[in-house]
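For reference, the structure is listed below as C-alpha cells.
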Amino acid sequence: MAFLGIDTSNYTTSAAIYSGGDVIQSKKLLPVKDGELGLRQSDAVFHHVRQLPDIIKGLGALHDADIKAVGVSVRPRPITGSYMPCFEVGHTAANLIASALGVPLFEFSHQEGHIAAAAYSSAFAPDIGDSFCAFHVSGGTTEAVLVHCRESGYDIEYISGSLDLKAGQAVDRVANMLGLPFPGGAELEKLALKWDEPIKGIKVSSKDLDICLSGIENICRRSLENCEPKEKTARLCIEYIRKSLSYMADRILEKYGDIPLLFAGGVMSNTIIRDDFKKRYGAYFAKPEFSCDNAAGIAILASRAFGTKQR
C-alpha cells in the first residue's frame, strides 16, 4: 500500500509517497528574485500552480504505486483561523487526485506534517497516548507545542513562541544584509562556521515562556556598521536564535518535567543549533531533507488516518 502527500507551503512545492516504511520525495523551492525577501501570496499561488504537476511527475513511482489514500496540508497550523492562500493549490490538486483514484482524502496542517516528518527521520517513535514537546522553527512559525499522540495523528496545544519576528525571517533578513541569496539559512550557516571565537553579551528578550526576536536585526546591523567581520555577524544571528530557543526549552522543561523535545522546521537544519541541543537536551532533530518544508509527514499522516478508518 502507498500513500500520497502534497504540501504547497511558502516557499516549497512538494509531494511524497510513503510506502512500506520508506519515503520518496519530490520538491522545489518557489523562485524569489535576487535581493527580495519573499513572495506575495498571489505570486506563491501562481508558482505552485506551475510547479506542482512536475513535482508529482518527479515522484516517478506514482504510476505504479497502489495509492490507498491522499493527504494534503490545508492550513499552516491546526488552530481556528489559520489560513494561507498558497495551501489552496495543494488542496485542489489533492481533491482531484483522490477523486480520480476513488480513494479517501485526509486533511492536515502544515505544522502537523513537519512534526510527523521530524519524528520519522529522527527515529523518534512515541506510543499512542504519549506526549512530547515539538518546536516548529521556520520563516512563518517559531513556537513550541505540546503534542499528544493519537492513533491517526496528534492533538496539539500551544506552549510558547516568538511574539514578533520569526526565526526564519531573522535569518533571511540578516542574510540579505550580508548579500547572501534567499532563502539565506544555508549560506548564513557556512559563513557563521568560519567564526570560532565566543559571542558574548547576548541577552534573551522574553516574557514568561515566550521570546521576542525582533532585536536580532538591529544588533546585526550595528555589528556591520561597526565594521565587524561578516562571519562574526552571521554567528551573532545564529547564537541569538540558539540562546532564545534554549531559553524556551529550559522554561518548558521546568514546567512539564523531563519531556522529550523534537525540533522541526527549516531553521532547525542548522548544525550549530542542532549539535548544541543534542548534547544539552538529548533532543531529536529531523534530518535536513525532512526538516525544511516537505510533504513526507503529510503522506505518513495519511497512512495513519487510513489505518484508523479501516479499523
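Numbering starts fresh at 1 for the residues of each chain in the C-alpha cells, the chains themselves are lettered A, B, ... in the order given, and ligands are numbered from 1 as they appear.
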
Nearby residues (only C-alpha atoms) at most 8 Å from range 43-52 of chain A, same-chain spacing under 5 positions excluded, as a list in words: Thr8, Asn10, Tyr11, Thr13, Ser14, Lys28, Leu30, Pro31, Pro85, Cys86, Val89 and Gly90 of chain A

Write out as a list in words each polymer residue whose atoms come within 6 Å of Ala286 in chain A, counting only C-alpha atoms; drop sequence neighbours fewer than 5 positions from it. Ala118, Ser121, Ser122, Ala264 and Ser291 of chain A

Using only C-alpha atoms, which protein or nucleic acid residues come within 10 Å of Ile24 in chain A? Drop anything in the same chain fewer than 6 positions from it, and give the result as a PyMOL selection string. chain A and resi 4+15-18+58-62+295-296+299

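The smallest atom-to-atom distance between Val137 in chain A and any of A:Gly35, A:Gly266, A:Gly179, A:Pro260, using only C-alpha atoms, is found for A:Gly266.
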
What is the distance, in Å and to one decimal place, between CA of Ala123 in chain A and CA of Thr271 in chain A? 18.2 Å

Name all residues at most 12 Å from Pro229 in chain A (count only C-alpha atoms; drop same-chain ones fewer than 4 positions away) and give them as a ChimeraX atom specification. /A:178,191-192,194-195,197,220-225,233-236

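For Ile300 in chain A, the set of protein, DNA and RNA residues having any atom at most 9 Å away, when counting only C-alpha atoms and skipping those fewer than 2 positions along the same chain, is Phe3, Leu4, Gly5, Ile17, Tyr18, Ser19, Gly21, Val23, Gly71, Gly113, Ala116, Ala117, Tyr120, Ala295, Ala296, Gly297, Ile298, Ala302, Ser303, Arg304 and Ala305 of chain A.
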
Put those residues in a file: C-alpha atoms, as a tab-separated table (two decimals), in the first residue's frame.
chain	number	residue	atom	x	y	z
A	3	PHE	CA	0.04	6.98	0.41
A	4	LEU	CA	0.45	10.28	-1.42
A	5	GLY	CA	1.13	13.52	0.43
A	17	ILE	CA	4.89	8.80	-1.36
A	18	TYR	CA	5.02	6.78	1.85
A	19	SER	CA	5.03	3.01	1.38
A	21	GLY	CA	8.10	2.49	5.85
A	23	VAL	CA	9.53	7.81	1.72
A	71	GLY	CA	-3.10	13.51	2.35
A	113	GLY	CA	3.32	17.44	8.65
A	116	ALA	CA	5.44	13.73	11.58
A	117	ALA	CA	8.38	14.12	9.17
A	120	TYR	CA	10.04	9.72	11.15
A	295	ALA	CA	5.21	16.56	2.07
A	296	ALA	CA	6.69	13.45	3.71
A	297	GLY	CA	4.95	13.98	7.03
A	298	ILE	CA	1.63	14.53	5.27
A	302	ALA	CA	-2.41	9.90	5.60
A	303	SER	CA	-1.28	6.31	6.15
A	304	ARG	CA	-2.17	6.53	9.84
A	305	ALA	CA	-5.55	8.11	9.17

Residues of range 21-234 of chain A classed as alpha helix (DSSP H) by DSSP on the backbone are to be reported as number ranges by chain. A: 41-57, 87-101, 110-121, 167-177, 185-192, 215-225, 230-234

Have a look at A:His110, A:Lys232, A:Ala119, A:Tyr281 and name the one nearest to Arg75 in chain A; count only C-alpha atoms.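 Nearest to Arg75 in chain A: A:His110.
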
For range 203-215 of chain A: contacts at 9 Å, only C-alpha atoms, fewer than 2 positions along chain excluded, given as a ChimeraX atom specification: /A:143,159-167,170,201,217-220,240-241,243-245,247-249,251-252
